[in-house]
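See below for entry33.txt, which holds compact mmCIF, C-alpha atoms.
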```txt
# COMPACT_ATOMS: atom_id res chain seq x y z
CA MET B 1 16.23 -26.34 -27.28
CA SER B 2 17.10 -27.38 -23.72
CA SER B 3 14.21 -26.67 -21.35
CA GLN B 4 16.66 -26.70 -18.43
CA LYS B 5 18.92 -24.13 -20.06
CA PHE B 6 16.00 -21.73 -20.52
CA SER B 7 14.30 -22.30 -17.18
CA LEU B 8 13.45 -19.42 -14.86
CA PRO B 9 16.59 -18.01 -13.17
CA LEU B 10 17.00 -19.17 -9.58
CA ARG B 11 16.76 -15.63 -8.24
CA PHE B 12 13.06 -15.66 -9.15
CA SER B 13 12.37 -19.08 -7.64
CA GLY B 14 9.33 -18.90 -5.40
CA SER B 15 7.93 -15.87 -7.20
CA GLU B 16 6.17 -17.74 -10.00
CA ASN B 17 2.68 -17.42 -8.53
CA ASN B 18 1.07 -14.05 -7.96
CA LEU B 19 -1.95 -13.33 -5.78
CA TRP B 20 -3.29 -10.59 -8.06
CA VAL B 21 -3.08 -12.66 -11.23
CA GLU B 22 -4.90 -15.51 -9.49
CA TYR B 23 -7.67 -13.36 -8.01
CA ILE B 24 -8.22 -11.29 -11.15
CA GLN B 25 -8.71 -14.54 -13.05
CA LEU B 26 -11.08 -15.71 -10.32
CA ALA B 27 -13.08 -12.50 -10.65
CA GLN B 28 -13.23 -12.82 -14.43
CA GLU B 29 -14.49 -16.39 -14.21
CA TYR B 30 -17.08 -16.08 -11.42
CA LYS B 31 -17.90 -12.36 -11.73
CA PRO B 32 -18.30 -11.54 -8.03
CA LEU B 33 -18.69 -8.00 -6.73
CA ASN B 34 -15.01 -7.12 -6.41
CA LEU B 35 -14.05 -5.60 -3.07
CA GLY B 36 -10.63 -7.18 -3.37
CA GLN B 37 -8.35 -4.98 -5.43
CA GLY B 38 -7.42 -1.57 -4.07
CA PHE B 39 -8.61 0.87 -6.68
CA PRO B 40 -11.54 3.31 -6.89
CA ASP B 41 -14.45 2.46 -9.16
CA PHE B 42 -15.46 6.13 -9.42
CA ALA B 43 -14.03 9.01 -11.41
CA PRO B 44 -10.89 10.83 -10.27
CA PRO B 45 -11.09 14.56 -9.53
CA GLU B 46 -12.24 16.55 -12.54
CA PHE B 47 -9.41 19.07 -12.26
CA LEU B 48 -6.93 16.25 -12.89
CA THR B 49 -8.68 14.68 -15.87
CA LYS B 50 -9.14 18.15 -17.37
CA ALA B 51 -5.43 18.75 -16.91
CA LEU B 52 -4.61 15.58 -18.86
CA ALA B 53 -7.07 16.54 -21.60
CA GLU B 54 -5.49 19.99 -21.78
CA VAL B 55 -2.05 18.41 -22.18
CA ALA B 56 -3.31 15.99 -24.85
CA ASN B 57 -5.04 18.71 -26.87
CA GLY B 58 -2.59 21.55 -26.29
CA ASP B 59 -0.12 23.18 -28.61
CA ASN B 60 3.04 22.04 -26.83
CA VAL B 61 3.94 19.05 -28.99
CA LEU B 62 7.03 18.31 -26.88
CA LEU B 63 4.76 17.13 -24.07
CA HIS B 64 4.22 14.01 -26.17
CA GLN B 65 7.93 13.20 -26.34
CA TYR B 66 10.57 11.93 -23.92
CA THR B 67 11.12 13.95 -20.78
CA GLY B 68 13.81 13.94 -18.11
CA CYS B 69 15.02 10.51 -17.04
CA PHE B 70 14.48 11.13 -13.33
CA GLY B 71 11.26 13.08 -13.66
CA HIS B 72 9.52 15.67 -15.81
CA HIS B 73 10.82 19.12 -14.85
CA ARG B 74 7.45 20.62 -13.95
CA LEU B 75 6.59 17.65 -11.74
CA VAL B 76 9.87 17.40 -9.82
CA VAL B 77 9.70 21.14 -9.15
CA ALA B 78 6.12 20.81 -7.88
CA LEU B 79 7.09 17.84 -5.70
CA SER B 80 10.05 19.78 -4.36
CA LYS B 81 7.89 22.77 -3.39
CA TYR B 82 5.20 20.58 -1.88
CA TYR B 83 7.33 18.29 0.27
CA SER B 84 9.71 21.09 1.28
CA GLN B 85 6.72 22.64 3.08
CA LEU B 86 5.79 19.37 4.74
CA ILE B 87 9.19 18.29 6.00
CA GLY B 88 10.64 21.73 6.78
CA ARG B 89 13.66 21.24 4.52
CA GLU B 90 14.41 22.60 1.07
CA LEU B 91 14.42 19.74 -1.44
CA ASN B 92 16.60 19.91 -4.54
CA PRO B 93 14.36 18.84 -7.46
CA LYS B 94 17.35 17.63 -9.51
CA THR B 95 19.13 15.48 -6.94
CA GLU B 96 16.72 14.66 -4.12
CA ILE B 97 13.59 13.54 -6.02
CA ILE B 98 12.94 10.82 -8.57
CA VAL B 99 9.70 10.07 -10.44
CA THR B 100 8.99 6.39 -11.02
CA SER B 101 6.52 4.04 -12.67
CA GLY B 102 4.24 4.02 -9.66
CA ALA B 103 5.33 3.59 -6.06
CA PHE B 104 5.91 -0.05 -7.00
CA GLN B 105 8.93 0.92 -9.05
CA ALA B 106 10.13 3.34 -6.37
CA VAL B 107 10.29 0.36 -3.99
CA PHE B 108 12.06 -1.66 -6.69
CA ASN B 109 14.65 1.07 -7.22
CA CYS B 110 15.23 1.34 -3.46
CA ILE B 111 15.83 -2.36 -3.02
CA GLN B 112 17.85 -2.77 -6.21
CA GLY B 113 19.92 0.31 -5.50
CA HIS B 114 20.70 -0.40 -1.85
CA THR B 115 20.87 -4.16 -1.45
CA SER B 116 23.91 -6.38 -1.96
CA PRO B 117 23.90 -10.19 -1.62
CA GLY B 118 23.63 -11.14 2.03
CA ASP B 119 22.20 -7.82 3.20
CA GLU B 120 19.29 -8.22 5.58
CA ILE B 121 16.12 -6.18 4.99
CA ILE B 122 13.56 -6.04 7.81
CA ILE B 123 9.97 -6.32 6.57
CA ILE B 124 6.96 -5.67 8.80
CA GLU B 125 4.09 -8.11 8.32
CA PRO B 126 1.59 -7.85 6.76
CA PHE B 127 3.45 -6.27 3.86
CA PHE B 128 2.90 -5.19 0.27
CA ASP B 129 3.54 -8.51 -1.42
CA CYS B 130 6.28 -7.28 -3.76
CA TYR B 131 8.70 -6.49 -0.91
CA GLU B 132 9.84 -10.06 -0.30
CA PRO B 133 10.48 -11.21 -3.92
CA MET B 134 12.26 -7.95 -4.71
CA VAL B 135 14.64 -8.47 -1.79
CA ARG B 136 15.28 -12.10 -2.67
CA ALA B 137 15.86 -11.36 -6.37
CA VAL B 138 18.95 -9.26 -5.56
CA GLY B 139 20.35 -11.73 -3.07
CA GLY B 140 19.08 -9.92 0.00
CA VAL B 141 17.74 -11.72 3.05
CA PRO B 142 14.25 -10.70 4.21
CA VAL B 143 13.85 -10.65 7.99
CA PHE B 144 10.21 -10.63 9.04
CA ILE B 145 8.47 -9.20 12.08
CA PRO B 146 4.68 -9.19 12.41
CA LEU B 147 2.34 -6.62 13.79
CA ARG B 148 0.76 -8.60 16.61
CA LEU B 149 -2.91 -8.21 17.42
CA ARG B 150 -3.72 -7.29 21.00
CA LYS B 151 -7.38 -8.10 21.48
CA PRO B 152 -9.22 -5.06 22.86
CA ALA B 153 -11.14 -5.15 26.11
CA PRO B 154 -14.62 -6.76 25.90
CA GLY B 155 -17.13 -4.39 24.35
CA LYS B 156 -14.50 -2.23 22.65
CA PRO B 157 -14.09 -2.27 18.85
CA MET B 158 -10.91 -3.67 17.34
CA THR B 159 -8.92 -0.86 15.71
CA SER B 160 -5.66 -0.44 13.82
CA SER B 161 -3.91 0.65 17.01
CA ASP B 162 -4.47 -2.87 18.40
CA TRP B 163 -1.94 -4.18 15.84
CA VAL B 164 1.51 -3.48 17.30
CA LEU B 165 5.18 -4.32 17.04
CA ASP B 166 6.68 -6.04 20.05
CA PRO B 167 9.65 -3.79 20.99
CA GLU B 168 11.90 -6.62 22.16
CA GLU B 169 11.08 -8.71 19.12
CA LEU B 170 11.81 -5.78 16.80
CA GLU B 171 15.10 -5.01 18.52
CA SER B 172 16.17 -8.64 18.10
CA LYS B 173 15.84 -8.34 14.30
CA PHE B 174 18.56 -5.67 14.01
CA SER B 175 22.22 -6.60 13.65
CA SER B 176 25.38 -5.62 11.80
CA LYS B 177 23.93 -7.43 8.76
CA THR B 178 20.83 -5.21 8.64
CA LYS B 179 20.88 -2.90 5.63
CA ALA B 180 17.36 -1.47 5.70
CA ILE B 181 13.89 -1.63 7.18
CA ILE B 182 10.74 -1.03 5.13
CA VAL B 183 7.95 0.73 7.03
CA ASN B 184 4.56 1.16 5.36
CA ASN B 185 2.92 4.08 7.16
CA PRO B 186 -0.05 4.55 6.95
CA HIS B 187 -0.27 0.79 6.71
CA ASN B 188 -1.93 -1.46 4.14
CA PRO B 189 -3.91 -3.59 4.93
CA VAL B 190 -4.19 -2.89 8.67
CA GLY B 191 -4.94 0.84 8.24
CA LYS B 192 -2.55 1.66 11.08
CA VAL B 193 -1.09 5.14 11.59
CA PHE B 194 2.11 4.61 13.52
CA SER B 195 2.45 6.80 16.59
CA LEU B 196 5.39 9.10 17.32
CA GLU B 197 6.50 6.70 20.04
CA GLU B 198 6.47 3.73 17.65
CA LEU B 199 8.28 5.59 14.88
CA THR B 200 10.88 6.97 17.28
CA PHE B 201 11.65 3.48 18.54
CA ILE B 202 12.21 2.25 14.97
CA ALA B 203 14.28 5.33 14.13
CA ASP B 204 16.51 4.91 17.18
CA LEU B 205 17.27 1.34 16.14
CA CYS B 206 18.10 2.53 12.62
CA LYS B 207 20.55 5.06 14.04
CA LYS B 208 22.07 2.56 16.45
CA TRP B 209 22.75 -0.01 13.72
CA ASP B 210 23.34 2.44 10.81
CA VAL B 211 20.31 1.20 8.87
CA LEU B 212 18.44 2.71 5.91
CA TYR B 213 14.78 3.59 6.58
CA ILE B 214 12.56 3.03 3.53
CA SER B 215 9.29 4.81 4.32
CA ASP B 216 6.42 3.73 2.08
CA GLU B 217 3.96 6.59 2.66
CA VAL B 218 1.61 6.19 -0.31
CA TYR B 219 -1.50 6.59 1.89
CA GLU B 220 -0.19 9.81 3.42
CA HIS B 221 -3.34 11.81 2.61
CA LEU B 222 -5.93 9.13 3.44
CA ILE B 223 -6.00 9.55 7.22
CA TYR B 224 -9.07 9.87 9.41
CA LYS B 225 -9.42 12.32 12.28
CA PRO B 226 -8.02 12.63 14.88
CA PHE B 227 -4.95 10.77 13.63
CA LYS B 228 -1.92 12.57 12.23
CA HIS B 229 0.68 11.34 9.78
CA ILE B 230 4.28 11.71 10.97
CA ARG B 231 6.83 11.64 8.17
CA ALA B 232 9.85 9.52 9.03
CA ALA B 233 12.21 12.01 7.37
CA THR B 234 11.22 14.65 9.93
CA LEU B 235 12.30 12.63 12.95
CA PRO B 236 15.52 13.82 14.66
CA ASN B 237 18.65 12.94 12.67
CA MET B 238 16.70 10.71 10.28
CA TRP B 239 16.80 12.75 7.08
CA GLU B 240 20.21 11.44 6.04
CA ARG B 241 19.08 7.79 6.25
CA THR B 242 15.47 7.96 5.00
CA ILE B 243 13.97 7.45 1.56
CA THR B 244 10.27 8.36 1.38
CA ILE B 245 7.96 6.93 -1.29
CA GLY B 246 4.76 8.56 -2.56
CA SER B 247 2.10 7.85 -5.17
CA ALA B 248 -0.01 9.92 -7.54
CA GLY B 249 -2.25 6.89 -7.95
CA LYS B 250 -3.20 6.85 -4.27
CA THR B 251 -3.07 10.64 -3.84
CA PHE B 252 -5.35 11.48 -6.77
CA SER B 253 -7.27 8.19 -7.19
CA VAL B 254 -5.62 7.40 -10.54
CA THR B 255 -3.93 4.07 -9.93
CA GLY B 256 -3.83 3.36 -13.67
CA TRP B 257 -1.59 6.36 -14.26
CA LYS B 258 1.25 4.43 -12.61
CA THR B 259 3.14 7.48 -11.39
CA GLY B 260 5.04 7.52 -8.13
CA TRP B 261 8.11 9.13 -6.62
CA ALA B 262 10.74 8.97 -3.95
CA TYR B 263 12.58 11.74 -2.14
CA GLY B 264 15.52 11.81 0.20
CA PRO B 265 19.14 12.93 0.51
CA ALA B 266 21.06 13.06 -2.79
CA PRO B 267 23.55 10.25 -1.97
CA LEU B 268 20.68 7.81 -1.32
CA ILE B 269 18.51 8.93 -4.25
CA ARG B 270 21.53 8.66 -6.56
CA ASN B 271 21.46 4.86 -6.16
CA LEU B 272 17.81 4.82 -7.23
CA MET B 273 18.69 6.95 -10.24
CA VAL B 274 21.36 4.51 -11.39
CA VAL B 275 18.86 1.65 -11.29
CA HIS B 276 16.21 3.79 -12.98
CA GLN B 277 18.35 4.95 -15.90
CA ASN B 278 19.24 1.33 -16.65
CA SER B 279 15.70 -0.03 -16.50
CA VAL B 280 12.68 2.08 -17.50
CA TYR B 281 14.66 5.32 -18.08
CA ALA B 282 11.74 7.79 -18.19
CA GLN B 283 8.03 7.97 -17.38
CA PRO B 284 5.18 9.13 -19.68
CA THR B 285 5.45 12.89 -20.16
CA PRO B 286 1.74 13.83 -20.51
CA ILE B 287 0.77 12.10 -17.28
CA GLN B 288 3.60 13.75 -15.35
CA GLU B 289 2.58 17.15 -16.68
CA ALA B 290 -1.03 16.58 -15.59
CA VAL B 291 0.00 15.35 -12.13
CA ALA B 292 2.18 18.45 -11.75
CA MET B 293 -0.79 20.66 -12.65
CA GLY B 294 -2.95 18.88 -10.09
CA LEU B 295 -0.32 19.19 -7.38
CA GLU B 296 0.17 22.89 -8.13
CA LEU B 297 -3.56 23.45 -7.70
CA GLU B 298 -3.66 21.50 -4.44
CA MET B 299 -0.81 23.58 -3.03
CA THR B 300 -2.98 26.70 -3.38
CA ARG B 301 -5.72 25.22 -1.20
CA LEU B 302 -3.91 23.07 1.36
CA GLY B 303 -5.95 22.66 4.51
CA GLN B 304 -9.06 24.10 2.86
CA PRO B 305 -12.34 22.15 2.65
CA GLU B 306 -12.23 22.15 -1.16
CA SER B 307 -8.80 20.50 -1.22
CA TYR B 308 -8.95 16.97 -2.61
CA PHE B 309 -6.60 15.96 0.19
CA GLN B 310 -9.40 16.98 2.58
CA SER B 311 -12.50 15.93 0.65
CA LEU B 312 -11.38 12.40 -0.26
CA PRO B 313 -10.73 11.23 3.34
CA ARG B 314 -14.06 12.80 4.37
CA GLU B 315 -15.81 10.76 1.71
CA LEU B 316 -13.90 7.62 2.59
CA GLU B 317 -14.58 7.94 6.31
CA ALA B 318 -18.32 7.60 5.64
CA LYS B 319 -17.66 4.54 3.46
CA ARG B 320 -15.44 3.06 6.16
CA ASP B 321 -18.11 3.50 8.81
CA TYR B 322 -20.71 1.93 6.54
CA MET B 323 -18.53 -1.13 5.94
CA VAL B 324 -17.59 -1.47 9.60
CA ALA B 325 -21.27 -1.48 10.60
CA LEU B 326 -22.17 -3.92 7.82
CA LEU B 327 -19.44 -6.42 8.70
CA LYS B 328 -20.44 -6.35 12.36
CA GLU B 329 -24.08 -6.84 11.39
CA VAL B 330 -23.38 -10.01 9.42
CA GLY B 331 -21.17 -11.54 12.10
CA MET B 332 -17.62 -10.53 11.25
CA GLU B 333 -15.26 -8.63 13.53
CA PRO B 334 -13.67 -5.74 11.61
CA THR B 335 -10.51 -3.84 12.47
CA VAL B 336 -11.55 -0.18 12.27
CA PRO B 337 -8.83 1.47 10.13
CA GLN B 338 -7.26 4.80 11.04
CA ALA B 339 -6.18 5.38 7.44
CA GLY B 340 -6.30 3.97 3.92
CA TYR B 341 -9.20 2.22 2.29
CA PHE B 342 -8.97 -1.37 3.45
CA ILE B 343 -10.62 -3.28 6.29
CA LEU B 344 -9.37 -6.51 7.82
CA ALA B 345 -12.27 -8.52 9.22
CA ASP B 346 -12.23 -11.72 11.27
CA TRP B 347 -14.64 -14.13 9.54
CA THR B 348 -14.27 -17.18 11.82
CA GLU B 349 -17.71 -17.02 13.42
CA LEU B 350 -19.32 -17.11 9.98
CA GLY B 351 -16.91 -19.81 8.91
CA LYS B 352 -18.43 -22.20 11.43
CA LYS B 353 -21.65 -22.17 9.43
CA ILE B 354 -20.24 -23.02 6.00
CA ASP B 355 -18.40 -25.96 4.44
CA LEU B 356 -15.12 -24.94 2.83
CA SER B 357 -14.01 -28.49 2.02
CA SER B 358 -14.51 -27.90 -1.71
CA GLU B 359 -11.53 -25.52 -1.65
CA THR B 360 -8.14 -27.19 -1.68
CA ASP B 361 -5.87 -24.30 -0.69
CA LYS B 362 -3.54 -24.71 2.27
CA TYR B 363 -4.60 -21.58 4.14
CA LYS B 364 -8.08 -20.95 5.49
CA ASP B 365 -8.34 -17.35 4.29
CA TYR B 366 -7.69 -18.50 0.72
CA LYS B 367 -10.42 -21.11 1.10
CA PHE B 368 -12.86 -18.59 2.52
CA THR B 369 -12.25 -15.85 -0.08
CA LYS B 370 -12.39 -18.26 -3.00
CA TRP B 371 -15.55 -19.93 -1.67
CA MET B 372 -17.14 -16.51 -1.20
CA SER B 373 -16.19 -15.42 -4.72
CA LYS B 374 -17.73 -18.52 -6.24
CA ASN B 375 -20.78 -19.06 -4.05
CA VAL B 376 -21.72 -15.70 -2.53
CA LYS B 377 -20.39 -13.55 -5.40
CA LEU B 378 -18.39 -11.20 -3.18
CA GLN B 379 -14.62 -11.09 -3.50
CA GLY B 380 -12.15 -10.18 -0.79
CA ILE B 381 -8.42 -10.81 -0.55
CA PRO B 382 -6.71 -13.39 1.71
CA PRO B 383 -4.31 -11.41 3.93
CA SER B 384 -2.02 -14.38 4.57
CA ALA B 385 -0.63 -13.48 1.13
CA PHE B 386 1.00 -10.51 2.86
CA TYR B 387 2.92 -12.68 5.34
CA SER B 388 6.02 -14.86 5.15
CA GLY B 389 5.58 -18.62 5.19
CA GLY B 390 6.19 -19.00 8.90
CA ASP B 391 3.66 -16.35 9.91
CA LYS B 392 0.79 -16.92 7.49
CA HIS B 393 -1.24 -18.56 10.25
CA LEU B 394 -1.49 -15.14 11.94
CA ALA B 395 -3.81 -13.93 9.17
CA GLU B 396 -5.84 -17.01 8.30
CA ASN B 397 -8.90 -15.85 10.23
CA PHE B 398 -9.13 -12.56 8.33
CA VAL B 399 -10.29 -11.25 4.97
CA ARG B 400 -9.36 -7.90 3.44
CA TYR B 401 -12.06 -5.76 1.85
CA CYS B 402 -11.56 -2.52 -0.07
CA PHE B 403 -14.09 0.28 0.45
CA ILE B 404 -12.94 2.96 -2.00
CA LYS B 405 -15.97 2.08 -4.11
CA LYS B 406 -19.18 3.75 -5.24
CA ASP B 407 -21.85 3.85 -2.55
CA GLU B 408 -24.13 1.80 -4.80
CA ASN B 409 -21.54 -1.00 -4.89
CA LEU B 410 -21.11 -0.92 -1.13
CA GLN B 411 -24.89 -1.17 -0.89
CA LYS B 412 -24.78 -4.15 -3.27
CA ALA B 413 -22.21 -5.73 -0.96
CA ALA B 414 -24.60 -5.15 1.94
CA HIS B 415 -27.44 -6.84 0.08
CA ILE B 416 -25.21 -9.80 -0.85
CA LEU B 417 -23.97 -10.32 2.70
CA ARG B 418 -27.35 -9.86 4.36
CA THR B 419 -29.00 -12.27 1.94
CA TRP B 420 -26.23 -14.81 2.48
CA LYS B 421 -26.34 -14.50 6.26
CA GLN B 422 -30.10 -15.09 6.20
CA SER B 423 -29.62 -18.20 4.06
CA ILE B 424 -27.06 -19.81 6.39
CA GLN B 425 -29.24 -19.12 9.45
CA GLN B 426 -32.20 -20.99 8.06
```

As structure tokens, please, write out the structure in this file.
Amino acid sequence: MSSQKFSLPLRFSGSENNLWVEYIQLAQEYKPLNLGQGFPDFAPPEFLTKALAEVANGDNVLLHQYTGCFGHHRLVVALSKYYSQLIGRELNPKTEIIVTSGAFQAVFNCIQGHTSPGDEIIIIEPFFDCYEPMVRAVGGVPVFIPLRLRKPAPGKPMTSSDWVLDPEELESKFSSKTKAIIVNNPHNPVGKVFSLEELTFIADLCKKWDVLYISDEVYEHLIYKPFKHIRAATLPNMWERTITIGSAGKTFSVTGWKTGWAYGPAPLIRNLMVVHQNSVYAQPTPIQEAVAMGLELEMTRLGQPESYFQSLPRELEAKRDYMVALLKEVGMEPTVPQAGYFILADWTELGKKIDLSSETDKYKDYKFTKWMSKNVKLQGIPPSAFYSGGDKHLAENFVRYCFIKKDENLQKAAHILRTWKQSIQQ
């Protein structure tokens, strides 16, 4: 057998290594407290797990068989009713919504279904790390633009709003070759909620250059007061060029259920459907039924204190504030997030007190996070992984921590960091 003949296809060149595989293995080997990966370590809402149990133990045996290719009927109807309220437009559940294997696959379908070789796709840095390899695998050309940090005035905390796009720089990225822009709003890992002014500027460029707007809105419900989420599809004359992506995993704290969706105008969603029917075909029926039941319940109590979409961000806001105070206490400079459940923290002052020479990685944030996992037993994620090669230096001074964790584990993190800080001061 020729090893050359069966080597990895060139379209996947550069994608061999994966941050999550590497850091999961690191966690398994050194067993640090894991504040790296973005998933809750507490139970999802009881009404949702009861719904799944009801489906599993119910009399409707067909709920254990294949369902509709583009989404289980009950779920696409629920999604249609829900988002029709939010965007002020009646969504057709058959042609304007697709259910996918997590938001990850919704992004995959978007890029596969709308990118031809040579098409340029604008990606805002930092970005969900699958964006770039997905674009390259279909022959697209990723065009990167970073959120640039404007240091706040002395004495003021650094917040998500201090990470901004430079308007002239963004405008320079658009051309006749531009096919799409991917906008993650609310943003991971910065926690930024884009303002109306920022979104309008992006939208106007999309209209000027006839560009598709892929709006990754998986953190749509995890926003802290007083900030408001503006859906790209609701901006003037943007419906016809916008695909919006959502996630049951993020919405209901069930990341392992791997259920996501996309909605938009039928001609755009049709391309996603073609990719979908020739790849995974259909999603698990019982999980879709349970998600539909949960969404139907939430629609009856929207805006009410008992709504999970209200109670979860309340709970997370307290965890955020705890982590922000802790990171400041031990000598890091956190970016206070407006949304989501991640914090970027500048660790450079602490880095002056430790020797990272035992770590051989190229980028400082990799060295710091690996050294911390091994020696301090606390794991974060290096955010330079969410940047293109030319811009990785912009993130080297930061670490990303996840705070959608049990209070007891956040308290363990506090004990670990305080003990470590005391040891390096001696």

Tell me which protein, DNA and RNA residues are within 12 Å of Glu169 in chain B, counting only C-alpha atoms, leaving out same-chain ones fewer than 2 positions away, and put them as a list in words.
Ile122, Ile124, Val143, Phe144, Ile145, Pro146, Leu147, Arg148, Val164, Leu165, Asp166, Pro167, Glu171, Ser172, Lys173, Phe174 and Ile202 of chain B

Of the candidates B:Arg400, B:Arg418, B:Lys177, B:Arg314, which one gets nearest to Pro383 in chain B if we count only C-alpha atoms?
B:Arg400

Tell me, as a ChimeraX atom specification, which residues lie within 9 Å of Cys110 in chain B, counting only C-alpha atoms; anything in the same chain fewer than 6 positions away does not count.
/B:214,243,262,268-269,271-272,275

Under the rule that all atoms listed in the file are counted, which of B:Trp347, B:Ile404, B:Trp257, B:Lys370 is the nearest residue to Leu312 in chain B?
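The shortest atom-to-atom distance to Leu312 in chain B comes from B:Ile404.
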
Nearest to Phe39 in chain B among B:Thr251, B:Ser215, B:Asn375, B:Gln422, with distances taken over all atoms listed in the file: which residue is it?
B:Thr251

Find the residues near Lys179 in chain B: any atom within 8 Å, counting all atoms listed in the file, skip ones fewer than 5 places away on the same chain, and give them as a ChimeraX atom specification.
/B:114-115,119-121,210-212

Local residues around (6.1, 4.0, 14.5), at most 10 Å away, using only C-alpha atoms, as a short mmCIF file (atom, residue, chain, number, x, y, z; two decimals) with C-alpha atoms, in the frame of the given file:
```
data_model
loop_
_atom_site.label_atom_id
_atom_site.label_comp_id
_atom_site.auth_asym_id
_atom_site.auth_seq_id
_atom_site.Cartn_x
_atom_site.Cartn_y
_atom_site.Cartn_z
CA VAL B 164 1.51 -3.48 17.30
CA LEU B 165 5.18 -4.32 17.04
CA VAL B 183 7.95 0.73 7.03
CA ASN B 184 4.56 1.16 5.36
CA ASN B 185 2.92 4.08 7.16
CA PRO B 186 -0.05 4.55 6.95
CA LYS B 192 -2.55 1.66 11.08
CA VAL B 193 -1.09 5.14 11.59
CA PHE B 194 2.11 4.61 13.52
CA SER B 195 2.45 6.80 16.59
CA LEU B 196 5.39 9.10 17.32
CA GLU B 197 6.50 6.70 20.04
CA GLU B 198 6.47 3.73 17.65
CA LEU B 199 8.28 5.59 14.88
CA THR B 200 10.88 6.97 17.28
CA PHE B 201 11.65 3.48 18.54
CA ILE B 202 12.21 2.25 14.97
CA ALA B 203 14.28 5.33 14.13
CA ILE B 230 4.28 11.71 10.97
CA ARG B 231 6.83 11.64 8.17
CA ALA B 232 9.85 9.52 9.03
#
```

Of the candidates B:Val138, B:His64, B:Pro40, B:Thr159, which one gets nearest to Pro9 in chain B if we count all atoms listed in the file?
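Nearest candidate to Pro9 in chain B out of B:Val138, B:His64, B:Pro40, B:Thr159: B:Val138.
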
Would you mind telling me which residue in B:Phe227, B:Met332, B:Asp361, B:Ile287 lies nearest to Gly256 in chain B when using all atoms listed in the file?
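When distances to Gly256 in chain B are compared using all atoms listed in the file, the smallest one comes from B:Ile287.
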